[in-house]
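Asks: My questions will all concern the structure given below.
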Amino acid sequence: STALAGSRITLSGGDDALYCAGTATLSGGEVSVRSARRGLLAADLTVTDGALTLHTAEKGICLGGGRQTAEQSGTVGETGDMTVTGGSITVLSGGDALDLAGALSQPGGELLLGPGRESCPLLCASAQVSGGTLLALGDLPQEIRSALPRLAAEMWLTARLSFTVTAFGQSAPLISFTPENPYSAVLLLSDELQQQEEYILASGNARILAPAVCP
């Protein structure tokens, strides 16, 4: 297992920026991968605090070998779980942002997922988001189980221009994220959204007004 806590680490280059044969744990500090083929490979991942930012050419985070590998080997759910209770993870990848052989459980914390073109923000056996914030750009191949208020929209997000979500009548954005690729779909789940309150989603010249709804 590998534990990251209370440190400030910056990495560049290499095949796999962070590798752990067992469970990786982030409980504090700041870890930034400026460039790598893949960001983090591990059996499982637990995040309770701290910040992890990944800029990768291929996959951002791959756990348990990834969803496809687990399906082919018949090991879906045996490993590859990700639990986020706090902290923040930002993924700007050239491939899938999160590729999990197991399940995503998010009772808290923040996940900001910007995958590559024609790639997925999230691949996993199942996903449950009960707290915190999850921003997924691009098309999701599966449903995320959540009772949190959500904003789901089809709009054009321009690469390298800030995408913001701001409550109508407010000036400070709830979310500000600068993607490295263009997208045509966005999903935001957050316990900071207020049901039926309207929000402005903006990227470059694209702006839409949408209410937060609960499933």
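Order determines the names: the first chain of the structure tokens is A, the second B, and so forth; residues in each chain are numbered 1 upward, and ligands are numbered 1 upward as they are shown.
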Please tabulate, as a Markdown table, the residues of stretch 127-167 of chain A that come within 10 Å of stretch 101-116 of chain A, each with its closest pair of atoms and the distance in Å to one decimal, counting only C-alpha atoms and ordering rows by chain, then residue number upward.
Replies:
| residue | atom | partner | partner_atom | distance |
| --- | --- | --- | --- | --- |
| A:Ala127 | CA | A:Leu104 | CA | 4.6 |
| A:Gln128 | CA | A:Ser105 | CA | 5.0 |
| A:Val129 | CA | A:Gln106 | CA | 4.7 |
| A:Ser130 | CA | A:Pro107 | CA | 4.8 |
| A:Gly131 | CA | A:Pro107 | CA | 4.3 |
| A:Gly132 | CA | A:Gly108 | CA | 3.9 |
| A:Thr133 | CA | A:Glu110 | CA | 4.7 |
| A:Leu134 | CA | A:Leu111 | CA | 4.7 |
| A:Leu135 | CA | A:Leu112 | CA | 4.8 |
| A:Ala136 | CA | A:Leu113 | CA | 5.0 |
| A:Leu137 | CA | A:Gly114 | CA | 5.4 |
| A:Gly138 | CA | A:Pro115 | CA | 7.3 |
| A:Asp139 | CA | A:Pro115 | CA | 9.7 |
| A:Ile144 | CA | A:Leu104 | CA | 9.3 |
| A:Arg145 | CA | A:Ser105 | CA | 9.8 |
| A:Ser146 | CA | A:Gln106 | CA | 9.7 |
Asks: Hey, can you spit out that residue selection with N, CA, C and O atoms as a PDB file, in the first residue's frame?
Replies:
ATOM      1  N   ALA A 127     -21.574   2.955  -9.479  1.00  0.00           N
ATOM      2  CA  ALA A 127     -21.192   4.257  -8.925  1.00  0.00           C
ATOM      3  C   ALA A 127     -22.305   4.778  -8.029  1.00  0.00           C
ATOM      4  O   ALA A 127     -23.467   4.804  -8.431  1.00  0.00           O
ATOM      5  N   GLN A 128     -21.925   5.177  -6.814  1.00  0.00           N
ATOM      6  CA  GLN A 128     -22.863   5.739  -5.855  1.00  0.00           C
ATOM      7  C   GLN A 128     -22.280   7.043  -5.328  1.00  0.00           C
ATOM      8  O   GLN A 128     -21.200   7.043  -4.721  1.00  0.00           O
ATOM      9  N   VAL A 129     -22.981   8.159  -5.576  1.00  0.00           N
ATOM     10  CA  VAL A 129     -22.544   9.470  -5.102  1.00  0.00           C
ATOM     11  C   VAL A 129     -23.592   9.989  -4.126  1.00  0.00           C
ATOM     12  O   VAL A 129     -24.705  10.332  -4.526  1.00  0.00           O
ATOM     13  N   SER A 130     -23.249  10.042  -2.847  1.00  0.00           N
ATOM     14  CA  SER A 130     -24.205  10.449  -1.816  1.00  0.00           C
ATOM     15  C   SER A 130     -23.842  11.784  -1.183  1.00  0.00           C
ATOM     16  O   SER A 130     -24.588  12.293  -0.343  1.00  0.00           O
ATOM     17  N   GLY A 131     -22.705  12.360  -1.558  1.00  0.00           N
ATOM     18  CA  GLY A 131     -22.300  13.646  -1.008  1.00  0.00           C
ATOM     19  C   GLY A 131     -21.152  14.219  -1.800  1.00  0.00           C
ATOM     20  O   GLY A 131     -20.590  13.588  -2.688  1.00  0.00           O
ATOM     21  N   GLY A 132     -20.803  15.469  -1.483  1.00  0.00           N
ATOM     22  CA  GLY A 132     -19.711  16.117  -2.188  1.00  0.00           C
ATOM     23  C   GLY A 132     -20.125  16.592  -3.565  1.00  0.00           C
ATOM     24  O   GLY A 132     -21.306  16.861  -3.831  1.00  0.00           O
ATOM     25  N   THR A 133     -19.157  16.664  -4.475  1.00  0.00           N
ATOM     26  CA  THR A 133     -19.374  17.183  -5.826  1.00  0.00           C
ATOM     27  C   THR A 133     -18.710  16.287  -6.846  1.00  0.00           C
ATOM     28  O   THR A 133     -17.547  15.899  -6.677  1.00  0.00           O
ATOM     29  N   LEU A 134     -19.437  15.955  -7.898  1.00  0.00           N
ATOM     30  CA  LEU A 134     -18.871  15.226  -9.030  1.00  0.00           C
ATOM     31  C   LEU A 134     -19.219  15.971 -10.306  1.00  0.00           C
ATOM     32  O   LEU A 134     -20.397  16.192 -10.601  1.00  0.00           O
ATOM     33  N   LEU A 135     -18.204  16.376 -11.048  1.00  0.00           N
ATOM     34  CA  LEU A 135     -18.371  17.000 -12.352  1.00  0.00           C
ATOM     35  C   LEU A 135     -17.790  16.061 -13.399  1.00  0.00           C
ATOM     36  O   LEU A 135     -16.608  15.723 -13.356  1.00  0.00           O
ATOM     37  N   ALA A 136     -18.644  15.615 -14.328  1.00  0.00           N
ATOM     38  CA  ALA A 136     -18.218  14.703 -15.387  1.00  0.00           C
ATOM     39  C   ALA A 136     -18.504  15.346 -16.736  1.00  0.00           C
ATOM     40  O   ALA A 136     -19.662  15.647 -17.050  1.00  0.00           O
ATOM     41  N   LEU A 137     -17.454  15.566 -17.515  1.00  0.00           N
ATOM     42  CA  LEU A 137     -17.596  16.154 -18.838  1.00  0.00           C
ATOM     43  C   LEU A 137     -17.553  15.052 -19.884  1.00  0.00           C
ATOM     44  O   LEU A 137     -16.745  14.132 -19.808  1.00  0.00           O
ATOM     45  N   GLY A 138     -18.430  15.149 -20.884  1.00  0.00           N
ATOM     46  CA  GLY A 138     -18.511  14.114 -21.907  1.00  0.00           C
ATOM     47  C   GLY A 138     -19.604  13.114 -21.586  1.00  0.00           C
ATOM     48  O   GLY A 138     -20.310  13.221 -20.579  1.00  0.00           O
ATOM     49  N   ASP A 139     -19.752  12.117 -22.443  1.00  0.00           N
ATOM     50  CA  ASP A 139     -20.830  11.139 -22.307  1.00  0.00           C
ATOM     51  C   ASP A 139     -20.472  10.058 -21.291  1.00  0.00           C
ATOM     52  O   ASP A 139     -19.383   9.488 -21.326  1.00  0.00           O
ATOM     53  N   ILE A 144     -25.212   6.940 -12.777  1.00  0.00           N
ATOM     54  CA  ILE A 144     -24.631   7.113 -11.457  1.00  0.00           C
ATOM     55  C   ILE A 144     -25.776   7.211 -10.450  1.00  0.00           C
ATOM     56  O   ILE A 144     -26.645   8.068 -10.571  1.00  0.00           O
ATOM     57  N   ARG A 145     -25.791   6.308  -9.486  1.00  0.00           N
ATOM     58  CA  ARG A 145     -26.847   6.324  -8.480  1.00  0.00           C
ATOM     59  C   ARG A 145     -26.601   7.475  -7.505  1.00  0.00           C
ATOM     60  O   ARG A 145     -25.545   7.549  -6.879  1.00  0.00           O
ATOM     61  N   SER A 146     -27.576   8.363  -7.404  1.00  0.00           N
ATOM     62  CA  SER A 146     -27.419   9.511  -6.525  1.00  0.00           C
ATOM     63  C   SER A 146     -28.766  10.173  -6.293  1.00  0.00           C
ATOM     64  O   SER A 146     -29.576  10.283  -7.216  1.00  0.00           O
TER      65      SER A 146
END
Asks: In Å, with one decimal, what is the gap from atom CA of A:Ala210 to atom CA of A:Ser176?
Replies: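 It comes out at 16.7 Å.
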Asks: Hey, what does DSSP flag as alpha helix (DSSP H) within stretch 56-101 of chain A? Can you give it to me as a PyMOL selection string?
Replies: chain A and resi 67-73
Asks: What is the distance between atom CA of A:Asp96 and atom CA of A:Leu209, in Å to one decimal?
Replies: 28.4 Å
Asks: How many Å separate atom CA of A:Pro173 from atom CA of A:Pro121?
Replies: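 Computed distance, atom CA of A:Pro173 to atom CA of A:Pro121, equals 22.1 Å.
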Asks: Using only C-alpha atoms, pick whichever of A:Thr56, A:Thr10, A:Ser119, A:Thr25 has the shortest atom-to-atom distance to A:Gly86.
Replies: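 Nearest to A:Gly86: A:Thr25.
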